[in-house]
$ cat input_23.cif   # mmCIF, C-alpha atoms
data_upload
loop_
_atom_site.label_atom_id
_atom_site.label_comp_id
_atom_site.auth_asym_id
_atom_site.auth_seq_id
_atom_site.Cartn_x
_atom_site.Cartn_y
_atom_site.Cartn_z
CA MET A 1 0.00 0.00 0.00
CA SER A 2 0.99 3.63 -0.15
CA GLU A 3 3.30 5.40 2.27
CA PHE A 4 0.29 7.13 3.78
CA SER A 5 -1.29 3.91 4.92
CA ASN A 6 2.11 2.67 6.13
CA SER A 7 2.48 5.69 8.36
CA LEU A 8 -1.09 5.23 9.55
CA SER A 9 -0.16 1.70 10.69
CA VAL A 10 2.97 2.95 12.44
CA ILE A 11 1.05 5.70 14.22
CA SER A 12 -1.68 3.30 15.23
CA SER A 13 0.91 0.95 16.76
CA ALA A 14 2.39 3.88 18.71
CA LEU A 15 -1.05 4.87 20.01
CA GLN A 16 -1.63 1.30 21.10
CA ALA A 17 1.74 1.20 22.88
CA GLN A 18 1.06 4.44 24.72
CA SER A 19 -2.36 3.28 25.87
CA GLN A 20 -0.80 0.07 27.13
CA ARG A 21 1.74 2.12 29.04
CA LEU A 22 -1.10 4.12 30.59
CA ARG A 23 -2.81 0.91 31.63
CA HIS A 24 0.26 -0.30 33.52
CA LEU A 25 0.60 3.13 35.14
CA SER A 26 -2.99 2.97 36.32
CA GLU A 27 -2.32 -0.50 37.75
CA ASN A 28 0.59 0.98 39.69
CA ILE A 29 -1.47 3.89 41.00
CA ALA A 30 -4.35 1.61 41.93
CA ASN A 31 -2.02 -0.62 43.94
CA VAL A 32 -0.12 2.14 45.72
CA ASP A 33 -1.42 0.93 49.11
CA THR A 34 -1.12 -2.80 48.40
CA PRO A 35 1.47 -4.35 50.75
CA GLY A 36 4.37 -5.92 48.87
CA TYR A 37 3.37 -4.57 45.45
CA ARG A 38 6.25 -3.82 43.09
CA ARG A 39 5.60 -1.23 40.40
CA LYS A 40 5.42 -2.48 36.83
CA THR A 41 7.47 -0.97 34.02
CA ILE A 42 7.34 -1.74 30.31
CA ALA A 43 9.89 -1.10 27.59
CA PHE A 44 9.11 -0.05 24.03
CA HIS A 45 10.94 -1.51 21.07
CA THR A 46 10.67 -1.56 17.31
CA VAL A 47 8.84 -4.48 15.71
CA MET A 48 11.28 -6.80 13.97
CA HIS A 49 8.84 -9.14 12.20
CA GLY A 50 9.32 -9.48 8.49
CA SER A 51 5.68 -9.18 7.54
CA GLU A 52 4.90 -5.99 9.45
CA THR A 53 5.40 -2.42 8.27
CA PRO A 54 8.93 -1.30 9.19
CA GLY A 55 9.19 1.09 12.13
CA MET A 56 6.20 -0.07 14.11
CA VAL A 57 6.56 0.07 17.88
CA GLU A 58 5.44 -2.52 20.37
CA THR A 59 5.68 -2.97 24.10
CA GLY A 60 8.04 -5.50 25.54
CA ARG A 61 7.69 -7.69 28.60
CA VAL A 62 6.45 -6.28 31.85
CA ARG A 63 9.26 -5.89 34.39
CA LEU A 64 8.92 -5.39 38.11
CA ASP A 65 10.81 -2.57 39.75
CA GLN A 66 13.30 -4.26 42.10
CA SER A 67 13.93 -1.24 44.31
CA ASP A 68 13.32 -1.59 48.06
CA LEU A 69 9.77 -1.74 49.31
CA LEU A 70 8.64 0.99 51.66
CA GLN A 71 8.84 -0.05 55.35
CA ILE A 72 5.75 1.15 57.18
CA TYR A 73 5.60 1.15 60.98
CA ASP A 74 2.26 -0.18 62.17
CA PRO A 75 2.40 -2.81 64.96
CA THR A 76 -1.36 -3.48 64.69
CA HIS A 77 -1.09 -4.54 61.05
CA PRO A 78 -1.56 -8.31 60.54
CA MET A 79 1.56 -8.50 58.36
CA ALA A 80 3.79 -6.59 60.77
CA ASP A 81 7.07 -8.26 61.83
CA GLU A 82 8.66 -8.24 65.30
CA ALA A 83 9.79 -4.62 64.95
CA GLY A 84 6.26 -3.55 64.00
CA ASN A 85 7.09 -2.82 60.37
CA TYR A 86 5.40 -4.19 57.27
CA GLU A 87 6.36 -3.86 53.63
CA GLY A 88 4.29 -1.47 51.55
CA SER A 89 4.56 -0.96 47.79
CA ASN A 90 7.44 0.78 46.04
CA VAL A 91 5.13 2.95 43.95
CA ASN A 92 5.95 6.64 44.02
CA LEU A 93 2.86 8.61 43.05
CA MET A 94 4.92 11.56 41.82
CA ILE A 95 6.80 9.35 39.33
CA GLU A 96 3.64 7.61 38.17
CA LEU A 97 1.79 10.87 37.58
CA SER A 98 4.63 12.45 35.63
CA ASP A 99 4.96 9.26 33.60
CA ALA A 100 1.23 9.38 32.89
CA ARG A 101 1.56 12.98 31.75
CA GLU A 102 4.39 11.95 29.43
CA ALA A 103 2.26 9.13 28.01
CA GLN A 104 -0.52 11.62 27.37
CA ARG A 105 1.81 14.01 25.57
CA SER A 106 3.17 11.23 23.36
CA TYR A 107 -0.33 10.06 22.61
CA GLU A 108 -1.33 13.58 21.57
CA ALA A 109 1.75 13.91 19.37
CA ASN A 110 0.84 10.67 17.60
CA LEU A 111 -2.75 11.81 17.18
CA ARG A 112 -1.50 15.00 15.55
CA MET A 113 0.63 12.90 13.19
CA PHE A 114 -2.44 10.84 12.31
CA GLU A 115 -4.40 13.99 11.52
CA GLN A 116 -1.47 15.35 9.51
CA THR A 117 -1.20 12.18 7.43
CA ARG A 118 -4.90 12.23 6.66
CA GLN A 119 -4.78 15.87 5.70
CA MET A 120 -1.81 15.31 3.41
CA GLY A 121 -3.60 12.41 1.73
CA SER A 122 -6.78 14.33 1.13
CA SER A 123 -5.03 17.48 -0.07
CA LEU A 124 -3.16 15.35 -2.59
CA PHE A 125 -6.48 14.22 -4.05
CA ASP A 126 -7.77 17.79 -3.90
CA LEU A 127 -5.23 18.57 -6.61
CA LEU A 128 -7.29 16.48 -9.03
CA ARG A 129 -10.54 18.27 -8.21
CA ARG A 130 -11.64 21.59 -9.49
CA MET B 131 26.27 6.32 -50.88
CA ASP B 132 24.39 3.03 -51.13
CA ILE B 133 26.55 1.42 -48.48
CA GLN B 134 25.96 4.37 -46.19
CA ALA B 135 22.19 4.03 -46.60
CA ILE B 136 22.34 0.32 -45.82
CA GLY B 137 24.49 1.01 -42.74
CA ALA B 138 22.04 3.63 -41.55
CA ALA B 139 19.14 1.24 -41.99
CA LYS B 140 21.01 -1.45 -40.04
CA LYS B 141 21.82 1.00 -37.23
CA TYR B 142 18.20 2.05 -37.12
CA ALA B 143 17.04 -1.56 -36.92
CA SER B 144 19.45 -2.31 -34.09
CA ALA B 145 18.48 0.83 -32.16
CA ARG B 146 14.78 0.17 -32.56
CA SER B 147 14.70 -2.66 -30.05
CA ALA B 148 16.11 -0.33 -27.40
CA THR B 149 13.47 2.33 -27.96
CA GLU B 150 10.52 -0.03 -27.94
CA PRO B 151 8.14 0.37 -25.03
CA ALA B 152 8.87 -2.13 -22.27
CA PRO B 153 6.38 -4.98 -22.18
CA SER B 154 4.08 -4.16 -19.28
CA GLN B 155 0.76 -5.36 -18.02
CA SER B 156 -2.17 -3.91 -19.89
CA ALA B 157 -4.28 -1.12 -18.47
CA GLY B 158 -7.09 -3.59 -17.84
CA ASP B 159 -4.93 -5.81 -15.62
CA TYR B 160 -3.67 -2.77 -13.78
CA LEU B 161 -7.18 -1.51 -13.10
CA LYS B 162 -8.22 -4.99 -12.02
CA GLY B 163 -5.38 -5.08 -9.49
CA ILE B 164 -6.32 -1.68 -8.09
CA THR B 165 -9.98 -2.67 -7.78
CA ARG B 166 -9.02 -5.86 -5.98
CA ASP B 167 -6.83 -3.89 -3.56
CA PHE B 168 -9.68 -1.48 -2.97
CA ALA B 169 -12.15 -4.28 -2.28
CA ALA B 170 -9.67 -5.95 0.08
CA THR B 171 -9.23 -2.70 2.03
CA LEU B 172 -12.99 -2.29 2.37
CA GLN B 173 -13.43 -5.89 3.47
CA GLU B 174 -10.66 -5.62 6.06
CA THR B 175 -12.28 -2.52 7.54
CA GLU B 176 -15.65 -4.22 7.68
CA GLU B 177 -14.13 -7.16 9.54
CA THR B 178 -12.36 -4.83 11.98
CA ALA B 179 -15.53 -2.82 12.58
CA LYS B 180 -17.50 -5.99 13.21
CA ALA B 181 -14.86 -7.24 15.64
CA ALA B 182 -14.85 -3.88 17.44
CA MET B 183 -18.64 -3.93 17.80
CA THR B 184 -19.00 -7.54 18.92
CA SER B 185 -15.84 -8.62 20.70
CA GLY B 186 -14.35 -5.28 21.73
CA ALA B 187 -11.27 -5.28 19.50
CA ASP B 188 -8.72 -2.51 19.83
CA PRO B 189 -10.27 0.87 18.91
CA HIS B 190 -6.94 2.09 17.48
CA THR B 191 -7.05 -0.60 14.83
CA LEU B 192 -10.62 0.38 13.99
CA VAL B 193 -9.75 4.05 13.61
CA GLN B 194 -6.72 3.20 11.48
CA ALA B 195 -8.73 0.91 9.23
CA LEU B 196 -11.47 3.51 8.83
CA ALA B 197 -8.96 6.23 7.94
CA GLN B 198 -7.33 3.94 5.38
CA THR B 199 -10.71 3.15 3.83
CA GLU B 200 -11.59 6.80 3.76
CA MET B 201 -8.43 7.50 1.79
CA ALA B 202 -9.06 4.61 -0.58
CA VAL B 203 -12.66 5.68 -1.22
CA GLU B 204 -11.58 9.25 -1.74
CA ALA B 205 -8.99 8.12 -4.30
CA ALA B 206 -11.55 5.95 -6.10
CA VAL B 207 -14.15 8.72 -6.18
CA THR B 208 -11.63 11.24 -7.48
CA VAL B 209 -10.50 8.93 -10.25
CA ARG B 210 -14.10 8.12 -11.17
CA ASP B 211 -14.98 11.81 -11.33
CA ARG B 212 -12.06 12.46 -13.65
CA VAL B 213 -13.00 9.55 -15.92
CA VAL B 214 -16.63 10.65 -16.14
CA GLU B 215 -15.55 14.21 -16.80
CA ALA B 216 -13.29 13.10 -19.65
CA TYR B 217 -16.11 11.00 -21.09
CA GLN B 218 -18.51 13.94 -20.99
CA GLU B 219 -15.89 16.12 -22.61
CA ILE B 220 -15.73 13.64 -25.51
CA LEU B 221 -19.52 13.55 -25.80
CA ARG B 222 -19.64 17.33 -26.01
CA MET B 223 -17.31 17.30 -28.99
CA PRO B 224 -18.99 18.93 -32.02
CA VAL B 225 -19.36 16.34 -34.80
#

$ encode --input "input_23.cif" --output "structure tokens"
Amino acid sequence: MSEFSNSLSVISSALQAQSQRLRHLSENIANVDTPGYRRKTIAFHTVMHGSETPGMVETGRVRLDQSDLLQIYDPTHPMADEAGNYEGSNVNLMIELSDAREAQRSYEANLRMFEQTRQMGSSLFDLLRR
Amino acid sequence: MDIQAIGAAKKYASARSATEPAPSQSAGDYLKGITRDFAATLQETEETAKAAMTSGADPHTLVQALAQTEMAVEAAVTVRDRVVEAYQEILRMPV
């Protein structure tokens, strides 16, 4: 197919990847108070399959952040150890929110590219009209 | 003089094969291919739309397929308009 529809496929894959990123971020934010929860991160990489359009992006495997879990002092908690601490999650709301904002910005940029591609396609055909 | 004329004719004959139009598929085959592509695009979009309505497929794929179909239909309509216009132009020719 034409380059226009190729770029539409690439943009659509990027939109999909960003929405997947947002989904994992919302999982992290939802589980901020879950004891022992490790925040999830995903990596983006270019699709390397022969049949696909070159340059498409996809999300890789989900990884768990291995940084230390937050120690919360609460002796009445059922999971508290001898010292009265229990392990919370290692989600930092500030990081998650700024990551979500970044995902939103990337999504918007890709939407603009989609619009741009469509406009270029239709103005090309406008040349033939009178 | 005669020899020169024969040489020129020979040169012309040998050069002719290089200037011949390359054998290509006829316009009919070409149009057939384009129409088949067009129909395939439409069908793909229909399948995607059906999947999005019934089984909740990814909306990004649906939007992409619809945009691609829109472009294909626009191209087809533009070409049709030009062909019809040319035909009418011929019909308006004073005989």

$ residues_around --input "input_23.cif" --residues "A:Glu58" --least-positions-apart "5" --cutoff "10 Å" --atoms "all atoms listed in the file" --output "ChimeraX atom specification"
/A:10,13-18,20,43-48

$ atom_distance --input "input_23.cif" --atom1 "atom CA of A:Ser67" --atom2 "atom CA of A:Val32"
14.5 Å

$ interface_residues --input "input_23.cif" --of "chain B" --to "chain A" --cutoff "10 Å" --atoms "all atoms listed in the file" --output "list of chain:residue names"
B:Asp167, B:Thr171, B:Asp188, B:Pro189, B:His190, B:Thr191, B:Leu192, B:Val193, B:Gln194, B:Ala195, B:Ala197, B:Gln198, B:Thr199, B:Glu200, B:Met201, B:Ala202, B:Glu204, B:Ala205, B:Ala206, B:Val207, B:Thr208, B:Val209, B:Asp211, B:Arg212

$ residues_around --input "input_23.cif" --residues "A:Asn90" --least-positions-apart "4" --cutoff "12 Å" --atoms "only C-alpha atoms" --output "list in words"
Asn28, Ile29, Asn31, Val32, Asp33, Thr34, Pro35, Gly36, Tyr37, Arg38, Arg39, Lys40, Leu64, Asp65, Gln66, Ser67, Asp68, Leu69, Leu70, Gln71, Ile72, Met94, Ile95 and Glu96 of chain A

$ closest_residue --input "input_23.cif" --among "A:Ser51, A:Ser7, A:Asp74, A:Arg21" --to "A:Tyr107" --atoms "all atoms listed in the file"
A:Arg21

$ atom_distance --input "input_23.cif" --atom1 "atom CA of A:Leu97" --atom2 "atom CA of A:Ser26"
9.3 Å

$ atom_distance --input "input_23.cif" --atom1 "atom CA of B:Val214" --atom2 "atom CA of B:Gln173"
25.9 Å

$ build_atoms --input "input_23.cif" --residues "stretch 29-53 of chain A" --atoms "N, CA and C atoms" --output "short mmCIF file (atom, residue, chain, number, x, y, z; two decimals), in the coordinates of the input"
data_model
loop_
_atom_site.label_atom_id
_atom_site.label_comp_id
_atom_site.auth_asym_id
_atom_site.auth_seq_id
_atom_site.Cartn_x
_atom_site.Cartn_y
_atom_site.Cartn_z
N ILE A 29 -0.83 2.90 40.12
CA ILE A 29 -1.47 3.89 41.00
C ILE A 29 -2.57 3.21 41.82
N ALA A 30 -3.28 2.28 41.20
CA ALA A 30 -4.35 1.61 41.93
C ALA A 30 -3.79 0.78 43.07
N ASN A 31 -2.58 0.27 42.92
CA ASN A 31 -2.02 -0.62 43.94
C ASN A 31 -1.02 0.08 44.84
N VAL A 32 -1.12 1.41 44.94
CA VAL A 32 -0.12 2.14 45.72
C VAL A 32 -0.16 1.74 47.19
N ASP A 33 -1.32 1.30 47.69
CA ASP A 33 -1.42 0.93 49.11
C ASP A 33 -1.39 -0.57 49.32
N THR A 34 -1.16 -1.35 48.25
CA THR A 34 -1.12 -2.80 48.40
C THR A 34 0.21 -3.22 49.03
N PRO A 35 0.20 -3.93 50.15
CA PRO A 35 1.47 -4.35 50.75
C PRO A 35 2.23 -5.29 49.83
N GLY A 36 3.52 -5.04 49.66
CA GLY A 36 4.37 -5.92 48.87
C GLY A 36 4.26 -5.77 47.38
N TYR A 37 3.52 -4.75 46.91
CA TYR A 37 3.37 -4.57 45.45
C TYR A 37 4.60 -3.90 44.88
N ARG A 38 5.12 -4.47 43.79
CA ARG A 38 6.25 -3.82 43.09
C ARG A 38 5.71 -3.16 41.83
N ARG A 39 6.16 -1.95 41.56
CA ARG A 39 5.60 -1.23 40.40
C ARG A 39 6.05 -1.89 39.10
N LYS A 40 5.15 -1.86 38.12
CA LYS A 40 5.42 -2.48 36.83
C LYS A 40 5.98 -1.45 35.87
N THR A 41 6.97 -1.85 35.09
CA THR A 41 7.47 -0.97 34.02
C THR A 41 7.48 -1.78 32.73
N ILE A 42 7.26 -1.07 31.61
CA ILE A 42 7.34 -1.74 30.31
C ILE A 42 8.30 -0.98 29.42
N ALA A 43 8.96 -1.72 28.54
CA ALA A 43 9.89 -1.10 27.59
C ALA A 43 9.26 -1.12 26.21
N PHE A 44 9.58 -0.10 25.42
CA PHE A 44 9.11 -0.05 24.03
C PHE A 44 10.24 -0.52 23.13
N HIS A 45 9.92 -1.26 22.09
CA HIS A 45 10.94 -1.51 21.07
C HIS A 45 10.31 -1.66 19.70
N THR A 46 11.15 -1.52 18.68
CA THR A 46 10.67 -1.56 17.31
C THR A 46 10.34 -2.99 16.92
N VAL A 47 9.25 -3.14 16.15
CA VAL A 47 8.84 -4.48 15.71
C VAL A 47 9.85 -5.00 14.70
N MET A 48 10.28 -6.24 14.87
CA MET A 48 11.28 -6.80 13.97
C MET A 48 10.72 -7.96 13.14
N HIS A 49 9.40 -8.06 13.02
CA HIS A 49 8.84 -9.14 12.20
C HIS A 49 8.94 -8.76 10.74
N GLY A 50 9.15 -9.76 9.90
CA GLY A 50 9.32 -9.48 8.49
C GLY A 50 8.07 -8.99 7.81
N SER A 51 6.90 -9.48 8.27
CA SER A 51 5.68 -9.18 7.54
C SER A 51 5.13 -7.80 7.86
N GLU A 52 5.50 -7.24 9.02
CA GLU A 52 4.90 -5.99 9.45
C GLU A 52 5.53 -4.79 8.72
N THR A 53 4.85 -3.66 8.80
CA THR A 53 5.40 -2.42 8.27
C THR A 53 6.64 -2.05 9.07
#
